[in-house]
Amino acid sequence: MTSTTLDALNPDQKRAVTSLGGAALVLAGAGSGKTRVIAHRIAHLITDRHVSPHNILAVTFTNKAAGEMRERVATLLNKPALPFLWIGTFHAVCARILRADVQALGSRYTRDFTILDAGDASGLVRHLLRDRGISDRNIQPRAVLSAISRAKTGGMDAETFAEKAYGHFAQSVAPVYRDYERRLLDSNSMDFDDLLVLALRLIEEREEVRRRYAEQFQHILVDEYQDTNRIQYNLLRHLSGRWGNLFAVGDEDQSIYHWRGADLQNILDFQRDFPQAEVIKLERNYRSARPILEAANHLVSHNTRRLGKSLWTEREGGPAVKLFAAPTDREEAAFAADTLRAMNARYTWRQMAVLYRTNAQSRSFEEACLNRNIPYQVVGGLKFYERKEVKDLLAYLRLGLNPLDRLALLRILNVPTRGIGKGTVDQMERLAVERGTSLLEAVRLAVAEELLPTRSRLALQGFLEILDGLRTRVATTQPAALTEWVLSATGYVEYLTGLSEAGPDPESRIENIRELVSAMREFENQEQGDLRLFLERQALASDQDQIKDGALDAVKLMTLHAAKGLEFPVVLLCGLEQDLMPHVLSANSEEGVEEERRLCYVGMTRAMDALFLSWARQRYVFGVPQGRLPSPFLREIPSALLEEVGGVAYEERSSSLHEAALLLERAQQARAKEPAFRPGGRVHHPKYGFGIVLSTEGQGDGLKVTVSFNRFGRKKLLANLAKLEPV
DNA sequence: CAATCCCATTTTTTT
DNA sequence: AATGGGATTG
């Protein structure tokens, strides 16, 4: 790297880039150029300090960020590519370590292990709960899964958890946790947490493995350090144990993943953990216009758990932050779309983003954009790889690689339908338990030993033939060609075409399959990777990974979490309401509110030139209209920094709609006052019998009544759907 | 065994 | 409002 390259940095950045070594903490405020600093430091290490790329590990928060970082460094070095540099997310790095060394763990895992995605994991938990006959409504699969995850990342295995479990919930979770772990091992499968936990165990327990990696990684750089969890922290300690060169970059004001186990304390305690650490603050912001930065600074200054930074900018002027109070969520979306269209005079679509707290909010914005022919791309939400047809095909491939993958087998045993029903599957499961074999082995046994009626046996035999064909090709055929082979061997396309019109039309499903195959082609050309790596990449893909820069000029719609690390000239931050921002489920603890405030801060600081904030006085939640109040965060921004817009053009266009909405609201309020269901009143239900109304919520068609039934306990019912009558 | 219908639950954020 | 699971029917 030439000195002119370094000259492009400001003094603080330069200090960080050239920091000698040992532990260093770079507190990098939003928009202060931290990606730049990391890229330059890697380049500096390679050119000026003669460190081999193979001896550098850089951990990023998404795979997309990893790819961009790799390219950026290569550009700085004037090299076409840097294949030996280790760059990836914690999960990807751990997966790589495990693929290479999992056999040293001494367990039954092989390097062909499957990585379970979130859907697989929750489906598994649901089944395990059912198998144990646990159907308590207070024990939801989601809650169980997150309890298991918390235990795992907190270093508590199933046995310890069972010993320490007290209370109804924990005692119900304990056996499920044990089943879950067992099932994963039997299936040669790992969930997201296992990647970290098992990599850490490997490194802690196998000295030769630890030594090898610790020796290799002379320099470790970690981005988004504020969102690391305890396991990741321990991994870093071990991996940097030999050389001690740990370069951590983060911003405590942007920590937004506590609910996922991230521990803000990691960054707050950095100087305690590494007493010799050099601490460098990057406080100059290069991204946002002054009013945006000031508004964001004021907001986040209300937090208490901070190391404290004050961001400044040399940018002068810039328009005030706009605030719009919409009568309804529909009108909010209309405002957003109108604003996008107006701003499109000066900005391309891809330069603008609409941000919101929850995925469910995307719908109204999609509709508004659709109406006005504004091209948009929803980032996250229901992911491409979670579509049924895609998951089906991936299940074939997974099974081809890992015959123990039970979930994959169960998914496709009868897809396309080939006459293998629930009864047969149950029988196979029982046989597997009896003989102590995997499910697939049981299927083979049943066919070989002719344990089934001819029809079922022939069906299973047909399935096994396809699978064996797949197994013989899996090592030698590229992913795309293999997928095409599966399509023709199974008649999958014909199956989709013949499917009754329950779901989305076959056309779009077939289109998705084409997309999958072409994604594989692209992968083969660009990465020269094999099927194993493709499946891994796919399982660890983040929401941001689906953003294809330059592919299409479209407005991005995404959650605040998905927007982390990105920037846009124009940002619309929507749904700034009480109970949504901060979210109602985080509102009961000060810590929770602080994290929501940081989330809001992250959203605001994504904006470069223009920031629009909006909220709605009425919003549909659960299909029920609800009156809403503005977010308390709005009061924390000095009003001098906000410009309220009603939008004259907007008023003209929508005043009739507005009035209609008001009338509707009044009518609903009037109806809500009807005494049909009052707390304390007696009601009758055809199924549950008599009961007493405890409370009501919602209005009109969405009126919900909570009733304590004499014989069935507490139920929450939609008044006009449930045949509930006042007595 | 498969397709269809009906009901219940869902929504906080995700590697 | 939508999805998915369960029961029922063909």
# chains A, B, ... in the order shown; residues from 1 in each chain; ligands from 1
>>> select_by_dssp(residues="range 212-288 of chain A", states="helix (DSSP H, G or I)", output="count of residues only")
32
>>> interface_residues(of="chain B", to="chain A", cutoff="8 Å", atoms="only C-alpha atoms (C1' of nucleotides)", output="PyMOL selection string")
chain B and resi 1+11-15
>>> write_last_selection(atoms="N, CA and C atoms (P, O5', C5', C4', C3', O3' and C1' of nucleotides)", output="short mmCIF file (atom, residue, chain, number, x, y, z; two decimals), in the first residue's frame")
data_model
loop_
_atom_site.label_atom_id
_atom_site.label_comp_id
_atom_site.auth_asym_id
_atom_site.auth_seq_id
_atom_site.Cartn_x
_atom_site.Cartn_y
_atom_site.Cartn_z
P DC B 1 -50.61 -45.51 3.69
"O5'" DC B 1 -51.21 -44.55 2.58
"C5'" DC B 1 -51.44 -45.08 1.29
"C4'" DC B 1 -52.09 -44.01 0.46
"C3'" DC B 1 -51.53 -42.60 0.70
"O3'" DC B 1 -51.30 -42.01 -0.56
"C1'" DC B 1 -53.88 -42.59 0.97
P DT B 11 -45.54 -15.36 14.23
"O5'" DT B 11 -44.77 -14.49 15.34
"C5'" DT B 11 -45.36 -13.76 16.30
"C4'" DT B 11 -45.20 -12.24 16.09
"C3'" DT B 11 -46.23 -11.57 16.97
"O3'" DT B 11 -45.59 -10.78 17.96
"C1'" DT B 11 -46.22 -10.64 14.77
P DT B 12 -44.27 -10.67 18.51
"O5'" DT B 12 -43.41 -10.36 17.16
"C5'" DT B 12 -43.69 -9.17 16.51
"C4'" DT B 12 -42.38 -8.57 16.04
"C3'" DT B 12 -41.48 -9.63 15.41
"O3'" DT B 12 -41.27 -9.22 14.08
"C1'" DT B 12 -40.32 -8.36 17.11
P DT B 13 -40.40 -9.80 13.05
"O5'" DT B 13 -38.98 -9.31 13.53
"C5'" DT B 13 -38.36 -8.24 12.85
"C4'" DT B 13 -37.05 -7.94 13.51
"C3'" DT B 13 -36.01 -9.03 13.29
"O3'" DT B 13 -35.26 -8.67 12.17
"C1'" DT B 13 -35.99 -8.17 15.52
P DT B 14 -35.31 -9.68 10.94
"O5'" DT B 14 -34.07 -10.59 11.27
"C5'" DT B 14 -32.81 -10.00 11.45
"C4'" DT B 14 -31.81 -11.11 11.70
"C3'" DT B 14 -31.77 -12.20 10.62
"O3'" DT B 14 -30.43 -12.60 10.46
"C1'" DT B 14 -32.28 -13.17 12.70
P DT B 15 -29.98 -13.20 9.05
"O5'" DT B 15 -28.56 -13.78 9.46
"C5'" DT B 15 -27.57 -12.92 9.98
"C4'" DT B 15 -26.57 -13.73 10.76
"C3'" DT B 15 -25.99 -14.94 10.01
"O3'" DT B 15 -24.59 -15.01 10.29
"C1'" DT B 15 -26.98 -15.66 12.02
#
>>> interface_residues(of="chain C", to="chain A", cutoff="12 Å", atoms="only C-alpha atoms (C1' of nucleotides)", output="list in words")
DA1, DA2, DT3, DG4 and DG5 of chain C
>>> write_last_selection(atoms="C-alpha atoms (C1' of nucleotides)", output="mmCIF file, in the first residue's frame")
data_model
loop_
_atom_site.group_PDB
_atom_site.id
_atom_site.type_symbol
_atom_site.label_atom_id
_atom_site.label_comp_id
_atom_site.auth_asym_id
_atom_site.auth_seq_id
_atom_site.Cartn_x
_atom_site.Cartn_y
_atom_site.Cartn_z
ATOM 1 C "C1'" DA C 1 -54.880 -11.191 6.367
ATOM 2 C "C1'" DA C 2 -52.373 -15.275 5.853
ATOM 3 C "C1'" DT C 3 -50.530 -19.478 6.719
ATOM 4 C "C1'" DG C 4 -50.264 -24.013 8.323
ATOM 5 C "C1'" DG C 5 -51.935 -27.900 10.746
#
>>> select_by_dssp(residues="range 149-302 of chain A", states="strand (DSSP E)", output="list of chain:residue names")
A:Ser189, A:Met190, A:His219, A:Ile220, A:Leu221, A:Val222, A:Leu246, A:Phe247, A:Ala248, A:Val249, A:Gly250, A:Glu278, A:Val279, A:Ile280, A:Lys281, A:Leu282
>>> write_last_selection(atoms="all heavy atoms", output="short mmCIF file (atom, residue, chain, number, x, y, z; two decimals), in the first residue's frame")
data_model
loop_
_atom_site.label_atom_id
_atom_site.label_comp_id
_atom_site.auth_asym_id
_atom_site.auth_seq_id
_atom_site.Cartn_x
_atom_site.Cartn_y
_atom_site.Cartn_z
N SER A 189 -26.43 -33.33 12.02
CA SER A 189 -26.87 -31.97 11.72
C SER A 189 -26.51 -31.02 12.85
O SER A 189 -26.46 -31.42 14.01
CB SER A 189 -28.40 -31.92 11.53
OG SER A 189 -28.80 -32.80 10.51
N MET A 190 -26.31 -29.77 12.49
CA MET A 190 -26.01 -28.73 13.49
C MET A 190 -26.93 -27.55 13.27
O MET A 190 -27.25 -27.21 12.14
CB MET A 190 -24.57 -28.25 13.35
CG MET A 190 -23.52 -29.32 13.53
SD MET A 190 -21.88 -28.59 13.46
CE MET A 190 -20.87 -30.08 13.40
N HIS A 219 -3.09 -12.08 12.90
CA HIS A 219 -3.91 -10.89 13.11
C HIS A 219 -5.39 -11.23 12.96
O HIS A 219 -5.79 -11.86 11.99
CB HIS A 219 -3.53 -9.80 12.09
CG HIS A 219 -2.23 -9.14 12.40
ND1 HIS A 219 -2.12 -8.05 13.22
CD2 HIS A 219 -0.96 -9.47 12.03
CE1 HIS A 219 -0.85 -7.70 13.32
NE2 HIS A 219 -0.12 -8.55 12.61
N ILE A 220 -6.17 -10.79 13.94
CA ILE A 220 -7.61 -11.01 13.87
C ILE A 220 -8.30 -9.65 13.92
O ILE A 220 -7.99 -8.82 14.78
CB ILE A 220 -8.10 -11.89 15.04
CG1 ILE A 220 -7.41 -13.26 14.96
CG2 ILE A 220 -9.61 -12.04 15.01
CD1 ILE A 220 -7.82 -14.21 16.06
N LEU A 221 -9.21 -9.44 12.97
CA LEU A 221 -9.97 -8.18 12.95
C LEU A 221 -11.45 -8.53 13.06
O LEU A 221 -11.93 -9.42 12.36
CB LEU A 221 -9.71 -7.42 11.64
CG LEU A 221 -8.25 -7.04 11.35
CD1 LEU A 221 -7.56 -8.12 10.54
CD2 LEU A 221 -8.20 -5.72 10.60
N VAL A 222 -12.15 -7.85 13.94
CA VAL A 222 -13.57 -8.14 14.13
C VAL A 222 -14.40 -6.88 13.96
O VAL A 222 -14.15 -5.88 14.63
CB VAL A 222 -13.84 -8.69 15.55
CG1 VAL A 222 -15.27 -9.19 15.64
CG2 VAL A 222 -12.87 -9.78 15.90
N LEU A 246 -5.57 -8.59 18.40
CA LEU A 246 -7.02 -8.56 18.22
C LEU A 246 -7.46 -7.12 17.99
O LEU A 246 -7.31 -6.27 18.86
CB LEU A 246 -7.71 -9.13 19.46
CG LEU A 246 -9.24 -9.15 19.42
CD1 LEU A 246 -9.74 -10.00 18.26
CD2 LEU A 246 -9.79 -9.67 20.74
N PHE A 247 -7.98 -6.89 16.81
CA PHE A 247 -8.37 -5.55 16.41
C PHE A 247 -9.89 -5.51 16.33
O PHE A 247 -10.48 -6.08 15.41
CB PHE A 247 -7.73 -5.27 15.04
CG PHE A 247 -7.91 -3.88 14.52
CD1 PHE A 247 -7.05 -2.85 14.90
CD2 PHE A 247 -8.92 -3.59 13.60
CE1 PHE A 247 -7.19 -1.58 14.37
CE2 PHE A 247 -9.06 -2.31 13.08
CZ PHE A 247 -8.20 -1.30 13.47
N ALA A 248 -10.53 -4.93 17.33
CA ALA A 248 -11.99 -4.96 17.40
C ALA A 248 -12.57 -3.60 17.04
O ALA A 248 -12.12 -2.58 17.55
CB ALA A 248 -12.44 -5.37 18.80
N VAL A 249 -13.54 -3.62 16.16
CA VAL A 249 -14.19 -2.39 15.74
C VAL A 249 -15.66 -2.47 16.10
O VAL A 249 -16.31 -3.48 15.82
CB VAL A 249 -14.05 -2.18 14.22
CG1 VAL A 249 -14.68 -0.86 13.80
CG2 VAL A 249 -12.59 -2.24 13.82
N GLY A 250 -16.17 -1.44 16.75
CA GLY A 250 -17.58 -1.50 17.11
C GLY A 250 -18.11 -0.17 17.57
O GLY A 250 -17.38 0.82 17.64
N GLU A 278 -5.10 -0.50 23.06
CA GLU A 278 -5.14 0.87 22.57
C GLU A 278 -6.59 1.17 22.20
O GLU A 278 -7.26 0.33 21.58
CB GLU A 278 -4.24 0.98 21.34
CG GLU A 278 -4.13 2.37 20.78
CD GLU A 278 -3.12 2.44 19.64
OE1 GLU A 278 -2.58 1.38 19.23
OE2 GLU A 278 -2.87 3.54 19.16
N VAL A 279 -7.11 2.32 22.58
CA VAL A 279 -8.49 2.67 22.25
C VAL A 279 -8.51 3.90 21.36
O VAL A 279 -7.88 4.91 21.67
CB VAL A 279 -9.32 2.95 23.52
CG1 VAL A 279 -10.74 3.35 23.15
CG2 VAL A 279 -9.33 1.71 24.41
N ILE A 280 -9.17 3.75 20.24
CA ILE A 280 -9.20 4.84 19.27
C ILE A 280 -10.66 5.16 18.96
O ILE A 280 -11.44 4.25 18.66
CB ILE A 280 -8.48 4.43 17.96
CG1 ILE A 280 -7.02 4.12 18.26
CG2 ILE A 280 -8.61 5.52 16.91
CD1 ILE A 280 -6.34 3.27 17.21
N LYS A 281 -11.01 6.42 19.05
CA LYS A 281 -12.38 6.80 18.72
C LYS A 281 -12.43 7.45 17.34
O LYS A 281 -11.63 8.33 17.03
CB LYS A 281 -12.91 7.81 19.75
CG LYS A 281 -13.26 7.21 21.08
CD LYS A 281 -13.98 8.24 21.95
CE LYS A 281 -14.20 7.65 23.35
NZ LYS A 281 -14.93 8.59 24.22
N LEU A 282 -13.37 7.00 16.55
CA LEU A 282 -13.62 7.66 15.26
C LEU A 282 -14.94 8.41 15.40
O LEU A 282 -16.00 7.80 15.47
CB LEU A 282 -13.72 6.64 14.13
CG LEU A 282 -12.52 5.72 13.89
CD1 LEU A 282 -12.77 4.81 12.69
CD2 LEU A 282 -11.25 6.53 13.69
#
>>> atom_distance(atom1="CA of Thr75 in chain A", atom2="CA of Ala39 in chain A")
9.8 Å
>>> residues_around(residues="Glu567 in chain A", least_positions_apart="2", cutoff="10 Å", atoms="only C-alpha atoms (C1' of nucleotides)", output="ChimeraX atom specification")
/A:30-31,287-288,351-353,563-565,569-571,603-608
>>> atom_distance(atom1="CA of Gly88 in chain A", atom2="CA of Lys64 in chain A")
8.9 Å
>>> decode(residues="chain C", atoms="N, CA and C atoms (P, O5', C5', C4', C3', O3' and C1' of nucleotides)", output="PDB file, in the first residue's frame")
ATOM      1  P    DA C   1     -58.399  -8.320   6.423  1.00  0.00           P
ATOM      2  O5'  DA C   1     -57.229  -8.700   5.379  1.00  0.00           O
ATOM      3  C5'  DA C   1     -56.000  -8.057   5.476  1.00  0.00           C
ATOM      4  C4'  DA C   1     -54.961  -9.135   5.226  1.00  0.00           C
ATOM      5  C3'  DA C   1     -55.344 -10.237   4.247  1.00  0.00           C
ATOM      6  O3'  DA C   1     -54.232 -10.530   3.427  1.00  0.00           O
ATOM      7  C1'  DA C   1     -54.880 -11.191   6.367  1.00  0.00           C
ATOM      8  P    DA C   2     -54.096 -11.883   2.624  1.00  0.00           P
ATOM      9  O5'  DA C   2     -53.259 -12.765   3.648  1.00  0.00           O
ATOM     10  C5'  DA C   2     -51.914 -12.424   3.968  1.00  0.00           C
ATOM     11  C4'  DA C   2     -51.266 -13.635   4.610  1.00  0.00           C
ATOM     12  C3'  DA C   2     -51.365 -14.910   3.769  1.00  0.00           C
ATOM     13  O3'  DA C   2     -50.181 -15.660   3.933  1.00  0.00           O
ATOM     14  C1'  DA C   2     -52.373 -15.275   5.853  1.00  0.00           C
ATOM     15  P    DT C   3     -49.776 -16.746   2.822  1.00  0.00           P
ATOM     16  O5'  DT C   3     -48.766 -17.682   3.638  1.00  0.00           O
ATOM     17  C5'  DT C   3     -48.328 -17.290   4.935  1.00  0.00           C
ATOM     18  C4'  DT C   3     -48.664 -18.375   5.928  1.00  0.00           C
ATOM     19  C3'  DT C   3     -48.615 -19.801   5.348  1.00  0.00           C
ATOM     20  O3'  DT C   3     -47.617 -20.528   6.035  1.00  0.00           O
ATOM     21  C1'  DT C   3     -50.530 -19.478   6.719  1.00  0.00           C
ATOM     22  P    DG C   4     -47.024 -21.914   5.414  1.00  0.00           P
ATOM     23  O5'  DG C   4     -46.999 -22.877   6.672  1.00  0.00           O
ATOM     24  C5'  DG C   4     -47.193 -22.357   7.987  1.00  0.00           C
ATOM     25  C4'  DG C   4     -48.089 -23.292   8.767  1.00  0.00           C
ATOM     26  C3'  DG C   4     -48.042 -24.755   8.311  1.00  0.00           C
ATOM     27  O3'  DG C   4     -48.045 -25.579   9.459  1.00  0.00           O
ATOM     28  C1'  DG C   4     -50.264 -24.013   8.323  1.00  0.00           C
ATOM     29  P    DG C   5     -47.427 -27.082   9.317  1.00  0.00           P
ATOM     30  O5'  DG C   5     -48.146 -27.805  10.535  1.00  0.00           O
ATOM     31  C5'  DG C   5     -48.628 -27.043  11.652  1.00  0.00           C
ATOM     32  C4'  DG C   5     -50.011 -27.522  12.017  1.00  0.00           C
ATOM     33  C3'  DG C   5     -50.208 -29.031  11.902  1.00  0.00           C
ATOM     34  O3'  DG C   5     -50.797 -29.511  13.097  1.00  0.00           O
ATOM     35  C1'  DG C   5     -51.935 -27.900  10.746  1.00  0.00           C
ATOM     36  P    DG C   6     -50.869 -31.083  13.357  1.00  0.00           P
ATOM     37  O5'  DG C   6     -52.443 -31.287  13.419  1.00  0.00           O
ATOM     38  C5'  DG C   6     -53.253 -30.333  14.130  1.00  0.00           C
ATOM     39  C4'  DG C   6     -54.701 -30.642  13.825  1.00  0.00           C
ATOM     40  C3'  DG C   6     -55.010 -32.138  13.739  1.00  0.00           C
ATOM     41  O3'  DG C   6     -56.239 -32.399  14.404  1.00  0.00           O
ATOM     42  C1'  DG C   6     -55.641 -31.071  11.729  1.00  0.00           C
ATOM     43  P    DA C   7     -56.697 -33.905  14.575  1.00  0.00           P
ATOM     44  O5'  DA C   7     -58.108 -33.872  13.846  1.00  0.00           O
ATOM     45  C5'  DA C   7     -59.007 -32.785  14.099  1.00  0.00           C
ATOM     46  C4'  DA C   7     -60.083 -32.799  13.032  1.00  0.00           C
ATOM     47  C3'  DA C   7     -60.699 -34.175  12.775  1.00  0.00           C
ATOM     48  O3'  DA C   7     -62.107 -34.048  12.624  1.00  0.00           O
ATOM     49  C1'  DA C   7     -59.828 -33.314  10.759  1.00  0.00           C
ATOM     50  P    DT C   8     -62.979 -35.379  12.543  1.00  0.00           P
ATOM     51  O5'  DT C   8     -63.832 -35.122  11.220  1.00  0.00           O
ATOM     52  C5'  DT C   8     -63.927 -33.796  10.673  1.00  0.00           C
ATOM     53  C4'  DT C   8     -64.153 -33.907   9.180  1.00  0.00           C
ATOM     54  C3'  DT C   8     -64.869 -35.196   8.752  1.00  0.00           C
ATOM     55  O3'  DT C   8     -65.882 -34.887   7.806  1.00  0.00           O
ATOM     56  C1'  DT C   8     -62.891 -34.945   7.521  1.00  0.00           C
ATOM     57  P    DT C   9     -66.956 -36.012   7.485  1.00  0.00           P
ATOM     58  O5'  DT C   9     -66.873 -36.084   5.887  1.00  0.00           O
ATOM     59  C5'  DT C   9     -66.689 -34.883   5.130  1.00  0.00           C
ATOM     60  C4'  DT C   9     -65.959 -35.217   3.849  1.00  0.00           C
ATOM     61  C3'  DT C   9     -66.565 -36.390   3.053  1.00  0.00           C
ATOM     62  O3'  DT C   9     -66.702 -36.012   1.696  1.00  0.00           O
ATOM     63  C1'  DT C   9     -64.260 -36.697   3.332  1.00  0.00           C
ATOM     64  P    DG C  10     -67.692 -36.795   0.773  1.00  0.00           P
ATOM     65  O5'  DG C  10     -66.738 -37.227  -0.426  1.00  0.00           O
ATOM     66  C5'  DG C  10     -65.835 -36.286  -1.018  1.00  0.00           C
ATOM     67  C4'  DG C  10     -64.806 -37.064  -1.812  1.00  0.00           C
ATOM     68  C3'  DG C  10     -65.374 -38.246  -2.594  1.00  0.00           C
ATOM     69  O3'  DG C  10     -64.823 -38.255  -3.894  1.00  0.00           O
ATOM     70  C1'  DG C  10     -63.631 -38.970  -1.187  1.00  0.00           C
TER      71       DG C  10
END
